[in-house]
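A.B. asks: Hey, dropping input02.txt in here, compact mmCIF, C-alpha atoms:
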# COMPACT_ATOMS: atom_id res chain seq x y z
CA MET A 1 -112.73 94.16 45.94
CA ALA A 2 -112.65 91.65 43.10
CA GLU A 3 -114.10 88.21 43.67
CA LYS A 4 -111.53 85.42 43.93
CA THR A 5 -111.81 82.06 42.26
CA SER A 6 -111.63 78.87 44.28
CA ALA A 7 -108.07 78.24 43.07
CA GLU A 8 -106.98 81.75 44.06
CA ILE A 9 -108.49 81.33 47.52
CA GLN A 10 -106.68 78.01 48.00
CA THR A 11 -103.41 79.64 46.92
CA LEU A 12 -103.90 82.43 49.47
CA LEU A 13 -104.75 79.93 52.20
CA GLY A 14 -101.48 78.15 51.45
CA TYR A 15 -99.60 81.24 52.63
CA ILE A 16 -101.29 81.16 56.03
CA LYS A 17 -99.47 78.68 58.24
CA ILE A 18 -101.84 77.86 61.08
CA TYR A 19 -101.18 74.64 62.93
CA PRO A 20 -102.58 73.19 66.11
CA LEU A 21 -99.96 73.24 68.86
CA ALA A 22 -98.68 70.80 71.45
CA ALA A 23 -96.86 71.95 74.57
CA LEU A 24 -93.90 70.54 76.47
CA ALA A 25 -93.03 71.88 79.92
CA GLY A 26 -89.60 70.45 80.63
CA SER A 27 -90.06 66.69 80.32
CA THR A 28 -93.83 66.90 80.88
CA ASP A 29 -95.91 66.46 77.74
CA LEU A 30 -98.98 68.69 78.02
CA GLY A 31 -100.31 67.25 74.78
CA PRO A 32 -102.19 69.04 72.05
CA LEU A 33 -103.61 72.32 73.25
CA SER A 34 -107.36 72.82 73.16
CA GLY A 35 -106.90 76.24 71.56
CA PRO A 36 -104.25 78.78 70.74
CA PRO A 37 -102.11 79.91 73.67
CA THR A 38 -102.02 83.52 74.74
CA VAL A 39 -98.65 85.24 75.01
CA GLU A 40 -98.54 88.65 76.69
CA GLY A 41 -95.57 90.89 77.24
CA ASP A 42 -94.82 92.03 80.79
CA ILE A 43 -92.21 94.74 80.36
CA GLU A 44 -91.10 97.86 82.18
CA THR A 45 -88.93 100.61 80.79
CA LYS A 46 -86.97 103.50 82.26
CA GLU A 47 -86.39 106.81 80.53
CA GLN A 48 -82.77 107.88 80.16
CA LYS A 49 -81.88 111.55 79.99
CA LEU A 50 -78.51 113.17 79.42
CA TYR A 51 -76.92 114.12 82.72
CA GLU A 52 -75.85 117.55 81.51
CA THR A 53 -79.28 118.78 80.38
CA MET A 54 -81.75 116.52 82.25
CA GLY A 55 -84.20 117.67 79.62
CA GLU A 56 -85.16 115.66 76.59
CA VAL A 57 -85.40 111.87 76.85
CA HIS A 58 -82.62 110.26 74.79
CA ALA A 59 -83.41 106.60 75.36
CA GLU A 60 -85.89 104.25 76.96
CA ILE A 61 -84.20 101.24 78.53
CA ILE A 62 -85.97 97.91 79.11
CA VAL A 63 -85.63 97.00 82.79
CA LYS A 64 -88.12 94.11 82.86
CA ASN A 65 -88.69 91.78 79.90
CA ASN A 66 -90.97 88.95 81.00
CA VAL A 67 -93.66 87.12 79.06
CA LYS A 68 -96.84 85.54 80.44
CA VAL A 69 -97.94 82.43 78.54
CA THR A 70 -101.33 80.81 79.09
CA VAL A 71 -101.94 77.34 77.66
CA LYS A 72 -105.15 75.32 77.73
CA THR A 73 -104.57 71.59 77.76
CA ARG A 74 -106.81 68.55 77.59
CA TYR A 75 -104.31 66.50 79.62
CA ILE A 76 -106.15 67.14 82.87
CA ASP A 77 -104.20 64.60 84.95
CA LYS A 78 -100.86 66.20 84.07
CA ALA A 79 -102.14 69.73 84.68
CA LEU A 80 -103.61 68.80 88.06
CA GLU A 81 -100.39 66.98 89.00
CA LEU A 82 -98.30 70.07 88.18
CA LEU A 83 -100.61 72.49 89.98
CA GLY A 84 -101.11 70.13 92.94
CA ALA A 85 -97.39 70.30 93.73
CA PHE A 86 -97.73 73.87 95.08
CA LYS A 87 -98.20 74.40 98.80
CA LYS A 88 -98.43 77.46 101.03
CA GLY A 89 -95.07 79.14 101.47
CA ASP A 90 -93.55 77.90 98.20
CA ASN A 91 -91.24 80.19 96.23
CA VAL A 92 -92.82 80.33 92.77
CA TYR A 93 -89.50 81.46 91.26
CA ASP A 94 -87.36 78.76 92.90
CA PRO A 95 -84.64 77.86 90.35
CA ASN A 96 -85.60 74.18 90.76
CA LYS A 97 -89.08 74.96 89.42
CA LYS A 98 -87.79 76.50 86.21
CA VAL A 99 -88.70 74.55 83.05
CA GLU A 100 -88.31 75.10 79.34
CA LEU A 101 -91.76 75.62 77.84
CA THR A 102 -91.94 74.71 74.15
CA LEU A 103 -94.90 75.18 71.84
CA VAL A 104 -94.58 72.74 68.96
CA PRO A 105 -96.72 72.85 65.81
CA ILE A 106 -98.47 69.57 65.07
CA THR A 107 -97.57 69.04 61.43
CA ALA A 108 -95.35 66.91 59.22
CA GLU A 109 -94.01 70.04 57.53
CA THR A 110 -90.28 70.36 58.25
CA GLY A 111 -90.21 74.16 58.14
CA ALA A 112 -92.77 74.67 60.92
CA LYS A 113 -91.34 76.78 63.73
CA THR A 114 -91.42 76.19 67.48
CA LEU A 115 -91.66 78.84 70.15
CA THR A 116 -89.43 78.15 73.17
CA PHE A 117 -89.43 79.93 76.52
CA PRO A 118 -86.22 78.81 78.29
CA ASN A 119 -87.06 80.10 81.80
CA ALA A 120 -90.72 79.34 82.43
CA TYR A 121 -92.21 79.25 85.92
CA LEU A 122 -95.66 77.73 86.44
CA GLN A 123 -97.94 80.00 88.44
CA PRO A 124 -100.16 78.45 91.14
CA GLY A 125 -103.92 78.47 90.83
CA LEU A 126 -106.27 75.98 89.23
CA SER A 127 -108.43 76.98 86.29
CA TYR A 128 -110.39 73.91 85.20
CA THR A 129 -113.37 73.73 82.84
CA PRO A 130 -115.36 70.49 82.96
CA SER A 131 -117.10 69.54 79.76
CA ASP A 132 -120.64 68.76 78.90
CA GLU A 133 -122.23 66.79 76.10
CA GLY A 134 -119.11 64.87 75.12
CA ALA A 135 -116.73 67.82 74.80
CA GLU A 136 -113.28 67.43 76.32
CA HIS A 137 -112.32 68.88 79.69
CA GLU A 138 -109.64 71.55 79.75
CA ALA A 139 -107.26 73.00 82.31
CA GLU A 140 -105.48 76.32 82.02
CA LEU A 141 -101.84 76.68 83.00
CA VAL A 142 -100.16 80.08 83.33
CA TYR A 143 -96.39 80.45 83.06
CA VAL A 144 -94.28 83.54 83.70
CA CYS A 145 -91.26 83.36 81.42
CA LYS A 146 -88.15 85.30 82.36
CA PRO A 147 -85.36 86.26 79.94
CA ASP A 148 -82.33 84.03 79.34
CA GLU A 149 -78.73 85.14 79.88
CA ASP A 150 -78.92 87.14 76.62
CA GLY A 151 -81.97 89.06 77.87
CA LYS A 152 -84.43 87.34 75.51
CA PRO A 153 -87.56 85.71 77.00
CA PHE A 154 -88.15 83.35 74.05
CA SER A 155 -86.70 81.95 70.87
CA PHE A 156 -88.53 81.22 67.63
CA GLY A 157 -87.20 78.76 65.09
CA THR A 158 -87.34 75.33 63.52
CA GLY A 159 -86.80 72.13 65.44
CA ALA A 160 -88.09 70.97 68.78
Now that the file is in, can you turn its structure into structure tokens?
C.D. replies:
Amino acid sequence: MAEKTSAEIQTLLGYIKIYPLAALAGSTDLGPLSGPPTVEGDIETKEQKLYETMGEVHAEIIVKNNVKVTVKTRYIDKALELLGAFKKGDNVYDPNKKVELTLVPITAETGAKTLTFPNAYLQPGLSYTPSDEGAEHEAELVYVCKPDEDGKPFSFGTGA
């Protein structure tokens, strides 16, 4: 591999759009995240065979299309307030607990894209990491995001 000049390296880095992210859960500002969020698919499919032959699979149909999003925030008070609202016997998927979770890039660039999960449900359970030696504390929040009326669990585009 040929060695790149400093100018060539800077040009290549310009193509990589990596921004720190902030998170909004409904009207609750979770602030800048302490690291990149994790987004994992939680899907199930069902094989579809022709009725006449019942042999070869002709399609695989998505029957579950959820996404699990884990965010780590430094806004400990807000995270503890959200998680502290759960009590024994609560329905985690109560429609009143649904929020829109939005991951917003922290940048002045107008073309930066947000990732929005329209049907996010916070999962109970505290994951809190106290800091040492001046580092910031962090709390982890896990959301299960269900698909919208079009069957899509998220949207990706410009604007907040």
A.B. asks: Would you mind listing what lies within 9 Å of segment 92-108 of chain A as number ranges by chain, with only C-alpha atoms counted and same-chain residues fewer than 4 positions away left out?
C.D. replies: A: 18-27, 32, 37, 86, 112-124, 143, 145, 159-160
A.B. asks: Using all atoms listed in the file, pick whichever of A:Val71, A:Ala85, A:Gly111, A:Asn65 has the shortest atom-to-atom distance to Glu149 of chain A.
C.D. replies: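 Ranking A:Val71, A:Ala85, A:Gly111, A:Asn65 by distance to Glu149 of chain A, first place goes to A:Asn65.
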A.B. asks: Just checking: using all atoms listed in the file, which residue out of A:His58, A:Lys72, A:Lys64, A:Lys88 ends up closest to Thr129 of chain A?
C.D. replies: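 Looking only at the distances to Thr129 of chain A, the closest residue turns out to be A:Lys72.
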A.B. asks: Please measure the separation of atom CA of Val39 of chain A and atom CA of Pro153 of chain A, giving the value in Å to one decimal.
C.D. replies: 11.3 Å
A.B. asks: Work out how far atom CA of Phe154 of chain A is from atom CA of Lys46 of chain A, in Å to one decimal.
C.D. replies: 21.8 Å
A.B. asks: Please identify all polymer residues lying at most 8 Å from the point (-101.1, 88.5, 75.3) (file coordinates), using all atoms listed in the file, and present the result as a JSON list (two decimals) with C-alpha atoms, keeping the file's coordinate frame.
C.D. replies:
[["chain", "number", "residue", "atom", "x", "y", "z"],
["A", 38, "THR", "CA", -102.02, 83.52, 74.74],
["A", 39, "VAL", "CA", -98.65, 85.24, 75.01],
["A", 40, "GLU", "CA", -98.54, 88.65, 76.69],
["A", 41, "GLY", "CA", -95.57, 90.89, 77.24],
["A", 68, "LYS", "CA", -96.84, 85.54, 80.44],
["A", 69, "VAL", "CA", -97.94, 82.43, 78.54]]
A.B. asks: Please determine, counting all atoms listed in the file, which residue among A:Ser34, A:Asp42, A:Ala135, A:Val67 has the shortest atom-to-atom distance to Ser155 of chain A.
C.D. replies: A:Val67
A.B. asks: Work out how far apart atom CA of Glu60 of chain A and atom CA of Thr45 of chain A are and give it in Å to one decimal.
C.D. replies: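 The value is 6.1 Å.
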